[in-house]
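Below is start28.csv, which holds CSV, N, CA and C atoms.
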chain,number,residue,atom,x,y,z
M,1,ARG,N,-41.8,-11.4,3.1
M,1,ARG,CA,-41.8,-10.9,1.8
M,1,ARG,C,-40.5,-11.1,1.1
M,2,GLN,N,-40.5,-11.5,-0.2
M,2,GLN,CA,-39.3,-11.7,-0.9
M,2,GLN,C,-38.8,-10.4,-1.5
M,3,MET,N,-37.5,-10.3,-1.6
M,3,MET,CA,-36.9,-9.1,-2.2
M,3,MET,C,-37.0,-9.2,-3.7
M,4,CYS,N,-37.4,-8.2,-4.4
M,4,CYS,CA,-37.4,-8.2,-5.8
M,4,CYS,C,-36.0,-7.8,-6.3
M,5,ILE,N,-35.7,-8.0,-7.6
M,5,ILE,CA,-34.4,-7.8,-8.1
M,5,ILE,C,-33.9,-6.4,-7.9
M,6,ARG,N,-34.8,-5.4,-8.0
M,6,ARG,CA,-34.5,-4.0,-7.8
M,6,ARG,C,-33.9,-3.8,-6.4
M,7,ASP,N,-34.6,-4.4,-5.4
M,7,ASP,CA,-34.2,-4.2,-4.0
M,7,ASP,C,-32.8,-4.9,-3.8
M,8,ARG,N,-32.6,-6.0,-4.4
M,8,ARG,CA,-31.3,-6.7,-4.3
M,8,ARG,C,-30.2,-5.9,-4.9
M,9,LEU,N,-30.5,-5.3,-6.1
M,9,LEU,CA,-29.5,-4.5,-6.7
M,9,LEU,C,-29.2,-3.2,-5.9
M,10,LYS,N,-30.2,-2.6,-5.3
M,10,LYS,CA,-30.0,-1.5,-4.4
M,10,LYS,C,-29.1,-1.9,-3.2
M,11,ALA,N,-29.5,-3.0,-2.6
M,11,ALA,CA,-28.7,-3.5,-1.5
M,11,ALA,C,-27.2,-3.8,-1.8
M,12,LEU,N,-27.0,-4.4,-3.0
M,12,LEU,CA,-25.6,-4.6,-3.5
M,12,LEU,C,-24.9,-3.3,-3.7
M,13,HIS,N,-25.6,-2.3,-4.3
M,13,HIS,CA,-25.1,-1.0,-4.5
M,13,HIS,C,-24.7,-0.3,-3.2
M,14,VAL,N,-25.5,-0.3,-2.2
M,14,VAL,CA,-25.2,0.3,-0.9
M,14,VAL,C,-24.1,-0.4,-0.2
M,15,ALA,N,-24.1,-1.8,-0.2
M,15,ALA,CA,-23.0,-2.5,0.4
M,15,ALA,C,-21.7,-2.2,-0.3
M,16,SER,N,-21.6,-2.2,-1.6
M,16,SER,CA,-20.4,-2.0,-2.3
M,16,SER,C,-20.0,-0.5,-2.1
M,17,ALA,N,-20.9,0.4,-2.0
M,17,ALA,CA,-20.6,1.8,-1.7
M,17,ALA,C,-20.0,2.0,-0.3
M,18,LEU,N,-20.5,1.2,0.7
M,18,LEU,CA,-19.9,1.3,2.0
M,18,LEU,C,-18.5,0.8,2.0
M,19,ILE,N,-18.3,-0.3,1.3
M,19,ILE,CA,-16.9,-0.9,1.3
M,19,ILE,C,-16.0,0.0,0.5
M,20,PHE,N,-16.4,0.6,-0.6
M,20,PHE,CA,-15.6,1.6,-1.3
M,20,PHE,C,-15.3,2.8,-0.5
M,21,ALA,N,-16.3,3.4,0.1
M,21,ALA,CA,-16.1,4.6,0.9
M,21,ALA,C,-15.2,4.3,2.1
M,22,GLY,N,-15.4,3.2,2.7
M,22,GLY,CA,-14.6,2.8,3.9
M,22,GLY,C,-13.1,2.6,3.5
M,23,GLY,N,-12.9,2.0,2.3
M,23,GLY,CA,-11.5,1.8,1.9
M,23,GLY,C,-10.9,3.1,1.6
M,24,VAL,N,-11.6,4.0,0.9
M,24,VAL,CA,-11.0,5.3,0.6
M,24,VAL,C,-10.7,6.1,1.8
M,25,LEU,N,-11.6,6.1,2.8
M,25,LEU,CA,-11.4,6.8,4.1
M,25,LEU,C,-10.2,6.2,4.8
M,26,SER,N,-10.1,4.8,4.8
M,26,SER,CA,-9.0,4.2,5.6
M,26,SER,C,-7.7,4.6,5.0
M,27,VAL,N,-7.6,4.5,3.6
M,27,VAL,CA,-6.3,4.8,3.0
M,27,VAL,C,-6.0,6.3,3.2
M,28,GLY,N,-7.1,7.1,3.2
M,28,GLY,CA,-6.9,8.6,3.4
M,28,GLY,C,-6.3,8.9,4.8
M,29,ILE,N,-6.8,8.1,5.8
M,29,ILE,CA,-6.3,8.3,7.2
M,29,ILE,C,-4.8,7.9,7.2
M,30,PHE,N,-4.5,6.8,6.6
M,30,PHE,CA,-3.1,6.3,6.6
M,30,PHE,C,-2.2,7.4,5.9
M,31,LEU,N,-2.6,7.8,4.7
M,31,LEU,CA,-1.8,8.8,4.0
M,31,LEU,C,-1.7,10.2,4.7
M,32,HIS,N,-2.7,10.5,5.5
M,32,HIS,CA,-2.7,11.7,6.2
M,32,HIS,C,-1.8,11.7,7.4
M,33,MET,N,-1.6,10.5,8.0
M,33,MET,CA,-0.9,10.3,9.2
M,33,MET,C,0.6,10.0,9.1
M,34,ILE,N,1.0,9.5,7.9
M,34,ILE,CA,2.4,9.1,7.8
M,34,ILE,C,3.3,10.3,7.7
M,35,THR,N,4.3,10.3,8.5
M,35,THR,CA,5.3,11.4,8.5
M,35,THR,C,6.7,11.0,8.4
M,36,THR,N,7.0,9.8,8.7
M,36,THR,CA,8.4,9.3,8.7
M,36,THR,C,8.6,8.2,7.6
M,37,ASP,N,9.8,8.2,7.1
M,37,ASP,CA,10.1,7.2,6.1
M,37,ASP,C,10.9,6.1,6.8
M,38,SER,N,10.3,4.9,6.7
M,38,SER,CA,10.9,3.7,7.2
M,38,SER,C,10.5,2.5,6.4
M,39,PRO,N,11.3,1.4,6.5
M,39,PRO,CA,10.9,0.2,5.9
M,39,PRO,C,9.5,-0.3,6.3
M,40,ASP,N,9.2,-0.1,7.6
M,40,ASP,CA,7.9,-0.6,8.1
M,40,ASP,C,6.8,0.2,7.4
M,41,VAL,N,6.9,1.5,7.3
M,41,VAL,CA,5.9,2.3,6.6
M,41,VAL,C,5.7,1.9,5.2
M,42,ARG,N,6.9,1.6,4.5
M,42,ARG,CA,6.8,1.1,3.1
M,42,ARG,C,6.1,-0.2,3.0
M,43,THR,N,6.4,-1.1,3.9
M,43,THR,CA,5.8,-2.4,3.9
M,43,THR,C,4.3,-2.3,4.2
M,44,LEU,N,3.9,-1.4,5.1
M,44,LEU,CA,2.5,-1.2,5.4
M,44,LEU,C,1.8,-0.6,4.2
M,45,ALA,N,2.5,0.3,3.5
M,45,ALA,CA,1.9,0.9,2.3
M,45,ALA,C,1.7,-0.2,1.2
M,46,ALA,N,2.6,-1.1,1.1
M,46,ALA,CA,2.5,-2.1,0.1
M,46,ALA,C,1.3,-3.1,0.5
M,47,ASN,N,1.2,-3.4,1.7
M,47,ASN,CA,0.1,-4.2,2.2
M,47,ASN,C,-1.3,-3.6,2.0
M,48,ILE,N,-1.3,-2.3,2.3
M,48,ILE,CA,-2.6,-1.5,2.1
M,48,ILE,C,-2.9,-1.5,0.6
M,49,ARG,N,-1.9,-1.3,-0.2
M,49,ARG,CA,-2.1,-1.3,-1.6
M,49,ARG,C,-2.7,-2.6,-2.2
M,50,ARG,N,-2.2,-3.7,-1.6
M,50,ARG,CA,-2.8,-5.0,-2.0
M,50,ARG,C,-4.2,-5.1,-1.6
M,51,TRP,N,-4.5,-4.7,-0.4
M,51,TRP,CA,-5.9,-4.7,0.1
M,51,TRP,C,-6.8,-3.8,-0.8
M,52,ASP,N,-6.2,-2.7,-1.2
M,52,ASP,CA,-7.0,-1.7,-2.0
M,52,ASP,C,-7.3,-2.4,-3.4
M,53,HIS,N,-6.3,-3.1,-3.9
M,53,HIS,CA,-6.6,-3.7,-5.2
M,53,HIS,C,-7.6,-4.9,-5.2
M,54,VAL,N,-7.6,-5.6,-4.0
M,54,VAL,CA,-8.4,-6.7,-3.9
M,54,VAL,C,-9.8,-6.4,-3.4
M,55,ILE,N,-10.0,-5.4,-2.6
M,55,ILE,CA,-11.2,-5.1,-2.0
M,55,ILE,C,-11.8,-3.7,-2.4
M,56,THR,N,-11.1,-2.6,-2.3
M,56,THR,CA,-11.7,-1.3,-2.6
M,56,THR,C,-11.9,-1.1,-4.0
M,57,THR,N,-11.0,-1.4,-4.9
M,57,THR,CA,-11.1,-1.2,-6.3
M,57,THR,C,-12.3,-2.0,-6.9
M,58,PRO,N,-12.4,-3.3,-6.6
M,58,PRO,CA,-13.6,-4.0,-7.1
M,58,PRO,C,-14.9,-3.4,-6.6
M,59,ALA,N,-14.9,-3.0,-5.3
M,59,ALA,CA,-16.1,-2.4,-4.8
M,59,ALA,C,-16.5,-1.1,-5.5
M,60,MET,N,-15.5,-0.3,-5.9
M,60,MET,CA,-15.7,0.9,-6.7
M,60,MET,C,-16.3,0.5,-8.0
M,61,ILE,N,-15.8,-0.5,-8.7
M,61,ILE,CA,-16.3,-0.9,-10.0
M,61,ILE,C,-17.7,-1.4,-9.9
M,62,LEU,N,-18.0,-2.1,-8.8
M,62,LEU,CA,-19.4,-2.6,-8.6
M,62,LEU,C,-20.3,-1.4,-8.3
M,63,VAL,N,-19.9,-0.5,-7.5
M,63,VAL,CA,-20.7,0.7,-7.2
M,63,VAL,C,-21.1,1.4,-8.6
M,64,TRP,N,-20.1,1.6,-9.4
M,64,TRP,CA,-20.4,2.3,-10.7
M,64,TRP,C,-21.3,1.4,-11.6
M,65,ALA,N,-21.0,0.1,-11.7
M,65,ALA,CA,-21.7,-0.7,-12.6
M,65,ALA,C,-23.2,-0.9,-12.2
M,66,VAL,N,-23.4,-1.2,-10.9
M,66,VAL,CA,-24.8,-1.4,-10.4
M,66,VAL,C,-25.5,0.0,-10.3
M,67,GLY,N,-24.8,1.0,-9.9
M,67,GLY,CA,-25.4,2.3,-9.8
M,67,GLY,C,-25.9,2.8,-11.2
M,68,LEU,N,-25.0,2.7,-12.2
M,68,LEU,CA,-25.4,3.1,-13.5
M,68,LEU,C,-26.6,2.3,-14.0
M,69,GLY,N,-26.6,1.0,-13.7
M,69,GLY,CA,-27.7,0.1,-14.1
M,69,GLY,C,-29.0,0.5,-13.4
M,70,ILE,N,-29.0,0.8,-12.1
M,70,ILE,CA,-30.2,1.2,-11.4
M,70,ILE,C,-30.7,2.6,-11.9
M,71,GLY,N,-29.7,3.5,-12.2
M,71,GLY,CA,-30.1,4.8,-12.7
M,71,GLY,C,-30.7,4.7,-14.1
M,72,GLY,N,-30.2,3.8,-14.9
M,72,GLY,CA,-30.8,3.7,-16.2
M,72,GLY,C,-32.1,3.0,-16.2
M,73,ALA,N,-32.3,2.0,-15.4
M,73,ALA,CA,-33.5,1.3,-15.3
M,73,ALA,C,-34.6,2.2,-14.7
M,74,GLY,N,-34.2,3.0,-13.8
M,74,GLY,CA,-35.2,3.9,-13.2
M,74,GLY,C,-35.4,5.2,-13.9
M,75,HIS,N,-34.7,5.4,-15.0
M,75,HIS,CA,-34.8,6.6,-15.9
M,75,HIS,C,-34.5,7.9,-15.0
M,76,TRP,N,-33.5,7.8,-14.1
M,76,TRP,CA,-33.2,8.9,-13.2
M,76,TRP,C,-32.1,9.8,-13.7
M,77,PHE,N,-31.5,9.6,-14.9
M,77,PHE,CA,-30.4,10.4,-15.2
M,77,PHE,C,-30.8,11.9,-15.6
M,78,SER,N,-32.0,12.2,-15.6
M,78,SER,CA,-32.4,13.6,-15.8
M,78,SER,C,-32.7,14.2,-14.4
M,79,ALA,N,-32.7,13.5,-13.4
M,79,ALA,CA,-32.9,14.0,-12.0
M,79,ALA,C,-31.7,14.8,-11.6
M,80,PRO,N,-31.9,16.1,-11.2
M,80,PRO,CA,-30.8,16.9,-10.7
M,80,PRO,C,-30.0,16.3,-9.6
M,81,TRP,N,-30.7,15.7,-8.6
M,81,TRP,CA,-30.0,15.2,-7.5
M,81,TRP,C,-29.0,14.1,-7.9
M,82,LEU,N,-29.4,13.3,-8.9
M,82,LEU,CA,-28.5,12.2,-9.4
M,82,LEU,C,-27.3,12.8,-10.1
M,83,ILE,N,-27.5,13.8,-10.9
M,83,ILE,CA,-26.4,14.5,-11.6
M,83,ILE,C,-25.3,15.0,-10.6
M,84,VAL,N,-25.8,15.7,-9.6
M,84,VAL,CA,-24.9,16.2,-8.5
M,84,VAL,C,-24.2,15.1,-7.8
M,85,LYS,N,-25.0,14.0,-7.5
M,85,LYS,CA,-24.4,12.9,-6.8
M,85,LYS,C,-23.3,12.2,-7.6
M,86,LEU,N,-23.6,12.1,-8.9
M,86,LEU,CA,-22.6,11.5,-9.8
M,86,LEU,C,-21.3,12.3,-9.9
M,87,ALA,N,-21.4,13.7,-9.8
M,87,ALA,CA,-20.2,14.5,-9.8
M,87,ALA,C,-19.4,14.2,-8.5
M,88,PHE,N,-20.0,14.1,-7.4
M,88,PHE,CA,-19.3,13.8,-6.2
M,88,PHE,C,-18.7,12.3,-6.2
M,89,VAL,N,-19.4,11.4,-6.9
M,89,VAL,CA,-18.9,10.1,-7.0
M,89,VAL,C,-17.6,10.1,-7.9
M,90,VAL,N,-17.6,10.9,-8.9
M,90,VAL,CA,-16.5,11.1,-9.8
M,90,VAL,C,-15.3,11.6,-9.0
M,91,VAL,N,-15.6,12.6,-8.1
M,91,VAL,CA,-14.5,13.2,-7.3
M,91,VAL,C,-14.0,12.1,-6.3
M,92,LEU,N,-14.8,11.3,-5.7
M,92,LEU,CA,-14.4,10.3,-4.8
M,92,LEU,C,-13.6,9.2,-5.6
M,93,SER,N,-14.0,8.9,-6.8
M,93,SER,CA,-13.2,7.9,-7.6
M,93,SER,C,-11.9,8.5,-8.0
M,94,ALA,N,-11.8,9.8,-8.2
M,94,ALA,CA,-10.5,10.4,-8.5
M,94,ALA,C,-9.6,10.4,-7.3
M,95,VAL,N,-10.2,10.7,-6.1
M,95,VAL,CA,-9.4,10.6,-4.9
M,95,VAL,C,-8.8,9.2,-4.7
M,96,HIS,N,-9.6,8.2,-5.0
M,96,HIS,CA,-9.2,6.8,-4.9
M,96,HIS,C,-8.0,6.6,-5.9
M,97,GLY,N,-8.1,7.1,-7.1
M,97,GLY,CA,-7.0,7.0,-8.0
M,97,GLY,C,-5.7,7.7,-7.5
M,98,MET,N,-5.8,8.9,-6.9
M,98,MET,CA,-4.7,9.6,-6.4
M,98,MET,C,-4.1,8.8,-5.2
M,99,GLN,N,-4.9,8.3,-4.4
M,99,GLN,CA,-4.4,7.5,-3.3
M,99,GLN,C,-3.7,6.3,-3.8
M,100,SER,N,-4.2,5.6,-4.8
M,100,SER,CA,-3.6,4.4,-5.3
M,100,SER,C,-2.2,4.7,-5.8
M,101,GLY,N,-2.1,5.8,-6.5
M,101,GLY,CA,-0.8,6.3,-7.1
M,101,GLY,C,0.2,6.6,-5.9
M,102,ARG,N,-0.3,7.2,-4.9
M,102,ARG,CA,0.6,7.6,-3.8
M,102,ARG,C,1.0,6.3,-3.1
M,103,LEU,N,0.1,5.3,-2.8
M,103,LEU,CA,0.5,4.1,-2.2
M,103,LEU,C,1.6,3.4,-3.0
M,104,ARG,N,1.4,3.3,-4.4
M,104,ARG,CA,2.4,2.7,-5.2
M,104,ARG,C,3.7,3.3,-5.1
M,105,ARG,N,3.7,4.7,-5.2
M,105,ARG,CA,5.0,5.4,-5.1
M,105,ARG,C,5.7,5.2,-3.8
M,106,ILE,N,5.0,5.2,-2.7
M,106,ILE,CA,5.5,5.0,-1.4
M,106,ILE,C,6.1,3.6,-1.3
M,107,SER,N,5.3,2.6,-1.7
M,107,SER,CA,5.8,1.2,-1.6
M,107,SER,C,7.0,1.0,-2.5
M,108,GLN,N,7.2,1.8,-3.5
M,108,GLN,CA,8.4,1.7,-4.4
M,108,GLN,C,9.6,2.6,-4.0
M,109,GLY,N,9.5,3.3,-2.9
M,109,GLY,CA,10.6,4.0,-2.3
M,109,GLY,C,10.6,5.5,-2.5
M,110,ALA,N,9.5,6.1,-3.1
M,110,ALA,CA,9.4,7.5,-3.3
M,110,ALA,C,9.4,8.2,-1.9
M,111,PRO,N,9.7,9.5,-1.9
M,111,PRO,CA,9.7,10.3,-0.6
M,111,PRO,C,8.2,10.3,-0.1
M,112,ILE,N,8.1,10.3,1.2
M,112,ILE,CA,6.8,10.3,1.8
M,112,ILE,C,6.4,11.7,2.1
M,113,ARG,N,5.2,12.0,1.4
M,113,ARG,CA,4.6,13.3,1.6
M,113,ARG,C,3.1,13.0,2.0
M,114,PRO,N,2.6,13.4,3.1
M,114,PRO,CA,1.2,13.2,3.5
M,114,PRO,C,0.3,13.9,2.5
M,115,LEU,N,-0.9,13.3,2.3
M,115,LEU,CA,-2.0,13.9,1.5
M,115,LEU,C,-3.0,14.4,2.5
M,116,HIS,N,-2.8,15.6,3.0
M,116,HIS,CA,-3.7,16.1,4.0
M,116,HIS,C,-5.0,16.6,3.4
M,117,ALA,N,-5.0,17.2,2.3
M,117,ALA,CA,-6.2,17.8,1.7
M,117,ALA,C,-7.2,16.7,1.3
M,118,LEU,N,-6.8,15.5,0.9
M,118,LEU,CA,-7.7,14.6,0.4
M,118,LEU,C,-8.7,14.0,1.5
M,119,LEU,N,-8.2,13.9,2.7
M,119,LEU,CA,-9.1,13.3,3.7
M,119,LEU,C,-10.4,14.1,4.0
M,120,PRO,N,-10.3,15.5,4.2
M,120,PRO,CA,-11.5,16.2,4.3
M,120,PRO,C,-12.4,16.1,3.1
M,121,ALA,N,-11.8,16.1,1.9
M,121,ALA,CA,-12.6,16.0,0.6
M,121,ALA,C,-13.3,14.6,0.6
M,122,THR,N,-12.6,13.6,1.0
M,122,THR,CA,-13.2,12.3,1.1
M,122,THR,C,-14.5,12.2,2.0
M,123,VAL,N,-14.3,12.8,3.2
M,123,VAL,CA,-15.4,12.8,4.2
M,123,VAL,C,-16.6,13.6,3.6
M,124,ALA,N,-16.3,14.8,3.1
M,124,ALA,CA,-17.3,15.6,2.5
M,124,ALA,C,-18.1,14.9,1.4
M,125,CYS,N,-17.3,14.4,0.4
M,125,CYS,CA,-18.0,13.7,-0.7
M,125,CYS,C,-18.9,12.5,-0.2
M,126,THR,N,-18.4,11.7,0.7
M,126,THR,CA,-19.1,10.6,1.3
M,126,THR,C,-20.4,11.1,1.9
M,127,VAL,N,-20.4,12.1,2.7
M,127,VAL,CA,-21.5,12.6,3.4
M,127,VAL,C,-22.5,13.2,2.4
M,128,ILE,N,-22.1,14.0,1.4
M,128,ILE,CA,-22.9,14.6,0.4
M,128,ILE,C,-23.6,13.5,-0.4
M,129,ILE,N,-22.8,12.5,-0.8
M,129,ILE,CA,-23.4,11.4,-1.6
M,129,ILE,C,-24.5,10.7,-0.9
M,130,ALA,N,-24.3,10.4,0.4
M,130,ALA,CA,-25.3,9.7,1.2
M,130,ALA,C,-26.6,10.6,1.4
M,131,ILE,N,-26.4,11.9,1.6
M,131,ILE,CA,-27.6,12.8,1.8
M,131,ILE,C,-28.3,12.8,0.5
M,132,LEU,N,-27.6,13.0,-0.6
M,132,LEU,CA,-28.3,13.0,-1.9
M,132,LEU,C,-29.1,11.7,-2.3
M,133,ALA,N,-28.4,10.6,-1.9
M,133,ALA,CA,-29.1,9.3,-2.3
M,133,ALA,C,-30.3,9.1,-1.4
M,134,VAL,N,-30.3,9.5,-0.2
M,134,VAL,CA,-31.4,9.2,0.7
M,134,VAL,C,-32.5,10.3,0.5
M,135,ALA,N,-32.1,11.6,0.6
M,135,ALA,CA,-33.1,12.7,0.6
M,135,ALA,C,-33.6,13.1,-0.8
M,136,LYS,N,-32.8,12.9,-1.8
M,136,LYS,CA,-33.1,13.3,-3.1
M,136,LYS,C,-33.8,14.7,-3.1
M,137,PRO,N,-33.0,15.7,-2.6
M,137,PRO,CA,-33.6,17.0,-2.3
M,137,PRO,C,-34.0,17.9,-3.4
M,138,PHE,N,-33.6,17.6,-4.6
M,138,PHE,CA,-34.1,18.4,-5.8
M,138,PHE,C,-34.1,17.5,-7.0

Written form, C-alpha cells:
Amino acid sequence: RQMCIRDRLKALHVASALIFAGGVLSVGIFLHMITTDSPDVRTLAANIRRWDHVITTPAMILVWAVGLGIGGAGHWFSAPWLIVKLAFVVVLSAVHGMQSGRLRRISQGAPIRPLHALLPATVACTVIIAILAVAKPF
C-alpha cells in the first residue's frame, strides 16, 4: 500500500518531533549536569550550541510548520486535546529558547549555573504531548 500525503506529513511531523524532543532533552541533561567552569565545558557548550542550531532548531520549526498544517487540514483546532497539546508544545519551545540562551552565554564566558528545573519540565512536556497526540483523551 502506498502512503498518502497525509500519512507522509504525519510521519515527518513525528520524526521531527522526536529529533526536537531528543535535542531539548540532551541539552537539558548537559545544562543540568555542568557544575564546573573550565575551557573544556565552554568548548563543549559551543559545540552543543552549533548542533542545536543545525539540528534541533530546524526540527522544532518543522514540527510547528507541519503540525499546524496537519491541524488546519484536519480542522482539529477546536479539539480540546489539541489546544492542551499546543500549550505544552509552546512550553517545550520556550524551554528550548531558554536552553539556547544559556548555551550562548556559557560559550561566551558567563558564569555557569545549572538549569535544574528545566529538565523535569522537559520530560513532563514530552510525555504529556505524546499521550495527548496518541490517545486524544478529550

Legend entry - Nearest-residue call for Asp7 of chain M, choices M:Pro58, M:Met98, M:Ile70, M:Ser107, using only C-alpha atoms: M:Ile70

Legend entry - Surrounding residues of segment 78-93 of chain M excluding itself and chain neighbours under 4 positions, 6.5 Å, only N, CA and C atoms, as a PyMOL selection string: chain M and resi 97-98+122+125+128-129+132+136-138

Inset, instruction - Grab the atom N of Val63 of chain M to atom CA of Ala117 of chain M distance for me, in Å with one decimal place. - result: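 One can read the atom N of Val63 of chain M to atom CA of Ala117 of chain M distance as 24.6 Å.
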
Inset, instruction - Name the residues in contact with Gln99 of chain M at a cut-off of 8 Å, using only N, CA and C atoms, excluding same-chain residues fewer than 3 positions from it; report them as a PyMOL selection string. - result: chain M and resi 24+27-28+31+93-96+102-105

Inset, instruction - Take atom C of Ala11 of chain M and atom N of Ala124 of chain M and report the distance between them in Å, one decimal. - result: 22.1 Å

Inset, instruction - Between atom C of Gln2 of chain M and atom C of Phe77 of chain M, measure the distance and give it in Å to one decimal. - result: 27.6 Å

Legend entry - Nearest to Ala133 of chain M, chosen from M:Ile5, M:Ile61, M:Gly71, M:Pro39, with only C-alpha atoms counted in the distances: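 Of M:Ile5, M:Ile61, M:Gly71, M:Pro39, the one nearest Ala133 of chain M, counting only C-alpha atoms, is M:Gly71.
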
Inset, instruction - as a ChimeraX atom specification, please: all residues of segment 33-85 of chain M that backbone DSSP puts in helix (DSSP H, G or I). - result: /M:33,39-73,80-85

Legend entry - Nearest to Val14 of chain M, chosen from M:Asn47, M:Gly67, M:His32, M:Ser26, with all atoms listed in the file counted in the distances: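 Of all the options, M:Gly67 lies closest to Val14 of chain M.
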